[in-house]
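To keep things clear, I will list the structure first and then write my remarks on it.
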Amino acid sequence: MRHILRIGGCALLVTMAVAPFAWASEGAHWTYEGEEGPEHWSELSAEFDMCSRGLNQSPIDLVADIDADLPELIFEYTNPGNLVETNTGHAIQDEVNPGNFLVFVDKRYELKQFHFHSPSEHLVDGEACPMEVHFVHQDQNGRYAVLGLIFEEGERNELIDNLPSFRAERGEDPHGDPVDFNELITDRTNYFLYNGSLTTPPCTEGVQWIILKQPIIVSPEQIQHYHDLLGFDNNRPIQPHNSRLVLD
Ligand SMILES: [Zn+2]
């Protein structure tokens, strides 16, 4: 089914001229290319040490090692709306209301924000996709669970069209109708599961990664629009699996 939905497929990457520019952000300045790019992150600050020393880094090429009986994901995304979208200098990011939860293996993780990468950071069986969204959750102890959704090219996606930047482009109120994430996530049983890290400095490990197999279909124009908002590729290169296993 997945292949039928693919128009153009994942290997069709959006290629753009890289536009280097400076911005303010917390901690040491870092970028996605050049002297402050991914291969140099650990040299930029002692706090970024794990970016090169860590053995459980993300993203990775998702090739399933073990066919496991994974539990159905339970989403309690009950408080949508009030999306505040910002360009962090590293990604386009949306802050969300408190009170939205992912329940996984009896743990409750609260949704903190979601942001986009273009092209995708994770590969699936060696293939990159044009875009990926990360829903970043944390439990009460601060442990991360990140839900990743892969985008493939196809028809225009109405839900994505309701994101603030897309609405603003059309001259509409950017804080209009909230996006119902429940509609975005329809298949909650087929996913990859592995132990990894944040894909940006400080590359903190101990992140539970859940990557849904069902792609979100978006139009080439939507992908291009999102990529243009940021102005450059913001994908960290894939990292070694080392001794980790990917479950699916
Ligand atoms: Zn991310």
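In the structure tokens, the first chain shown is A, the next is B, and so on; residue numbers restart at 1 for each chain, and ligands run from 1 in the order shown.
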Against ligand 1, which residues of chain A fall within 7 Å? For each one I want the closest pair of atoms and the distance in Å (one decimal), counting only C-alpha atoms and all ligand atoms, rows by chain and increasing residue number, as a tab-separated table.
residue	atom	partner	partner_atom_place_in_ligand_line	distance
A:His115	CA	ligand 1	1 (Zn)	6.1
A:Phe116	CA	ligand 1	1 (Zn)	6.4
A:His117	CA	ligand 1	1 (Zn)	6.3
A:Val133	CA	ligand 1	1 (Zn)	6.9
A:His134	CA	ligand 1	1 (Zn)	5.0
A:Thr199	CA	ligand 1	1 (Zn)	6.0
Mind dumping the selected residues with C-alpha atoms as a PDB file, in the first residue's frame?
ATOM      1  CA  HIS A 115       9.273  20.800  14.244  1.00  0.00           C
ATOM      2  CA  PHE A 116      10.227  19.885  10.729  1.00  0.00           C
ATOM      3  CA  HIS A 117      13.313  18.650   8.943  1.00  0.00           C
ATOM      4  CA  VAL A 133       8.225  16.024  11.446  1.00  0.00           C
ATOM      5  CA  HIS A 134       9.255  15.339  15.044  1.00  0.00           C
ATOM      6  CA  THR A 199      19.418  14.985  16.391  1.00  0.00           C
TER       7      THR A 199
END
When you look at Asp94 (chain A) with a cut-off of 9 Å (counting only C-alpha atoms), what residues show up, excluding the ones that are within fewer than 6 positions of it in the same chain? I need them as a list in words.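 Listing them by chain and then by number gives Leu83, Val84, Glu85, Thr86, Asn87, Gln113, Phe114, His115, Leu163 and Pro164 of chain A.
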Using the selection just defined, write its residues with C-alpha atoms as a short mmCIF file (atom, residue, chain, number, x, y, z; two decimals), in the first residue's frame.
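Result went into again15.cif, see below:
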data_model
loop_
_atom_site.label_atom_id
_atom_site.label_comp_id
_atom_site.auth_asym_id
_atom_site.auth_seq_id
_atom_site.Cartn_x
_atom_site.Cartn_y
_atom_site.Cartn_z
CA LEU A 83 -0.01 27.03 17.74
CA VAL A 84 2.83 29.51 17.87
CA GLU A 85 5.19 28.91 14.99
CA THR A 86 8.75 30.20 15.10
CA ASN A 87 11.88 29.93 13.02
CA GLN A 113 6.57 21.01 20.51
CA PHE A 114 6.89 19.74 16.98
CA HIS A 115 9.27 20.80 14.24
CA LEU A 163 -0.34 25.23 10.00
CA PRO A 164 0.26 28.92 10.78
#
Best match for closeness to Leu44 (chain A) among A:Gln57, A:Trp30, A:Thr186, A:Phe232, counting only C-alpha atoms: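 Looking at the shortest contact to Leu44 (chain A), the residue is A:Trp30.
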Go through region 134-202 of chain A and collect every residue that DSSP, computed from the backbone, puts in helix (DSSP H, G or I); the answer should be as number ranges by chain. A: 158-161, 164-169, 181-184
Take the selection from the previous step and output its residues with N, CA and C atoms, as a short mmCIF file (atom, residue, chain, number, x, y, z; two decimals), in the first residue's frame.
data_model
loop_
_atom_site.label_atom_id
_atom_site.label_comp_id
_atom_site.auth_asym_id
_atom_site.auth_seq_id
_atom_site.Cartn_x
_atom_site.Cartn_y
_atom_site.Cartn_z
N GLU A 158 -4.52 18.73 3.51
CA GLU A 158 -5.35 19.78 4.10
C GLU A 158 -4.94 20.11 5.53
N LEU A 159 -4.51 19.10 6.27
CA LEU A 159 -4.13 19.34 7.66
C LEU A 159 -2.88 20.20 7.75
N ILE A 160 -1.90 19.86 6.94
CA ILE A 160 -0.67 20.65 6.91
C ILE A 160 -0.99 22.09 6.48
N ASP A 161 -1.97 22.20 5.60
CA ASP A 161 -2.36 23.52 5.11
C ASP A 161 -2.87 24.42 6.22
N PRO A 164 0.23 27.46 10.85
CA PRO A 164 0.26 28.92 10.78
C PRO A 164 0.96 29.50 9.54
N SER A 165 2.12 28.96 9.19
CA SER A 165 2.86 29.56 8.08
C SER A 165 2.14 29.38 6.75
N PHE A 166 1.46 28.26 6.61
CA PHE A 166 0.71 28.03 5.38
C PHE A 166 -0.50 28.95 5.30
N ARG A 167 -1.14 29.18 6.46
CA ARG A 167 -2.29 30.07 6.47
C ARG A 167 -1.84 31.52 6.20
N ALA A 168 -0.73 31.90 6.81
CA ALA A 168 -0.23 33.27 6.63
C ALA A 168 0.10 33.54 5.17
N GLU A 169 0.61 32.50 4.48
CA GLU A 169 0.98 32.66 3.08
C GLU A 169 -0.25 33.01 2.24
N PHE A 181 -4.15 16.71 15.41
CA PHE A 181 -3.09 15.74 15.15
C PHE A 181 -3.64 14.33 15.05
N ASN A 182 -4.77 14.09 15.69
CA ASN A 182 -5.34 12.74 15.64
C ASN A 182 -5.68 12.33 14.21
N GLU A 183 -6.03 13.33 13.40
CA GLU A 183 -6.34 13.04 12.01
C GLU A 183 -5.07 12.75 11.20
N LEU A 184 -3.98 13.32 11.67
CA LEU A 184 -2.70 13.15 10.98
C LEU A 184 -2.16 11.74 11.19
#
Using only C-alpha atoms, which of A:Gly142, A:Ile92, A:Trp41, A:Asp106 sits nearest Leu73 (chain A)?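 Among A:Gly142, A:Ile92, A:Trp41, A:Asp106, it is A:Asp106 that comes nearest to Leu73 (chain A).
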Could you give me, as a tab-separated table (two decimals) with C-alpha atoms, in the first residue's frame, each residue of region 131-199 of chain A that DSSP assigns to strand (DSSP E) when run on this structure's backbone?
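Listing of selection14.tsv after writing:
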chain	number	residue	atom	x	y	z
A	131	MET	CA	10.48	15.97	4.86
A	132	GLU	CA	10.05	14.65	8.42
A	133	VAL	CA	8.23	16.02	11.45
A	134	HIS	CA	9.26	15.34	15.04
A	135	PHE	CA	6.70	15.48	17.84
A	136	VAL	CA	8.85	15.96	20.94
A	137	HIS	CA	7.43	14.57	24.20
A	138	GLN	CA	8.81	14.36	27.72
A	144	TYR	CA	12.26	12.12	25.83
A	145	ALA	CA	10.01	10.20	23.48
A	146	VAL	CA	10.05	11.58	19.94
A	147	LEU	CA	7.45	10.57	17.40
A	148	GLY	CA	8.67	10.88	13.82
A	149	LEU	CA	6.44	11.07	10.76
A	150	ILE	CA	7.85	10.78	7.27
A	151	PHE	CA	6.45	12.81	4.39
A	152	GLU	CA	6.10	11.60	0.83
A	153	GLU	CA	5.04	13.49	-2.26
A	191	TYR	CA	6.16	1.76	13.47
A	192	PHE	CA	9.89	1.48	14.04
A	193	LEU	CA	11.17	1.63	17.62
A	194	TYR	CA	14.73	2.26	18.70
A	195	ASN	CA	16.84	3.97	21.33
A	196	GLY	CA	18.61	7.12	20.14
A	197	SER	CA	19.38	10.77	20.76
Given only C-alpha atoms as the counted atoms, nearest of A:Gly81, A:Asp125, A:Pro130, A:Gly89 to Asp177 (chain A):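 Smallest distance to Asp177 (chain A) is found for A:Gly81.
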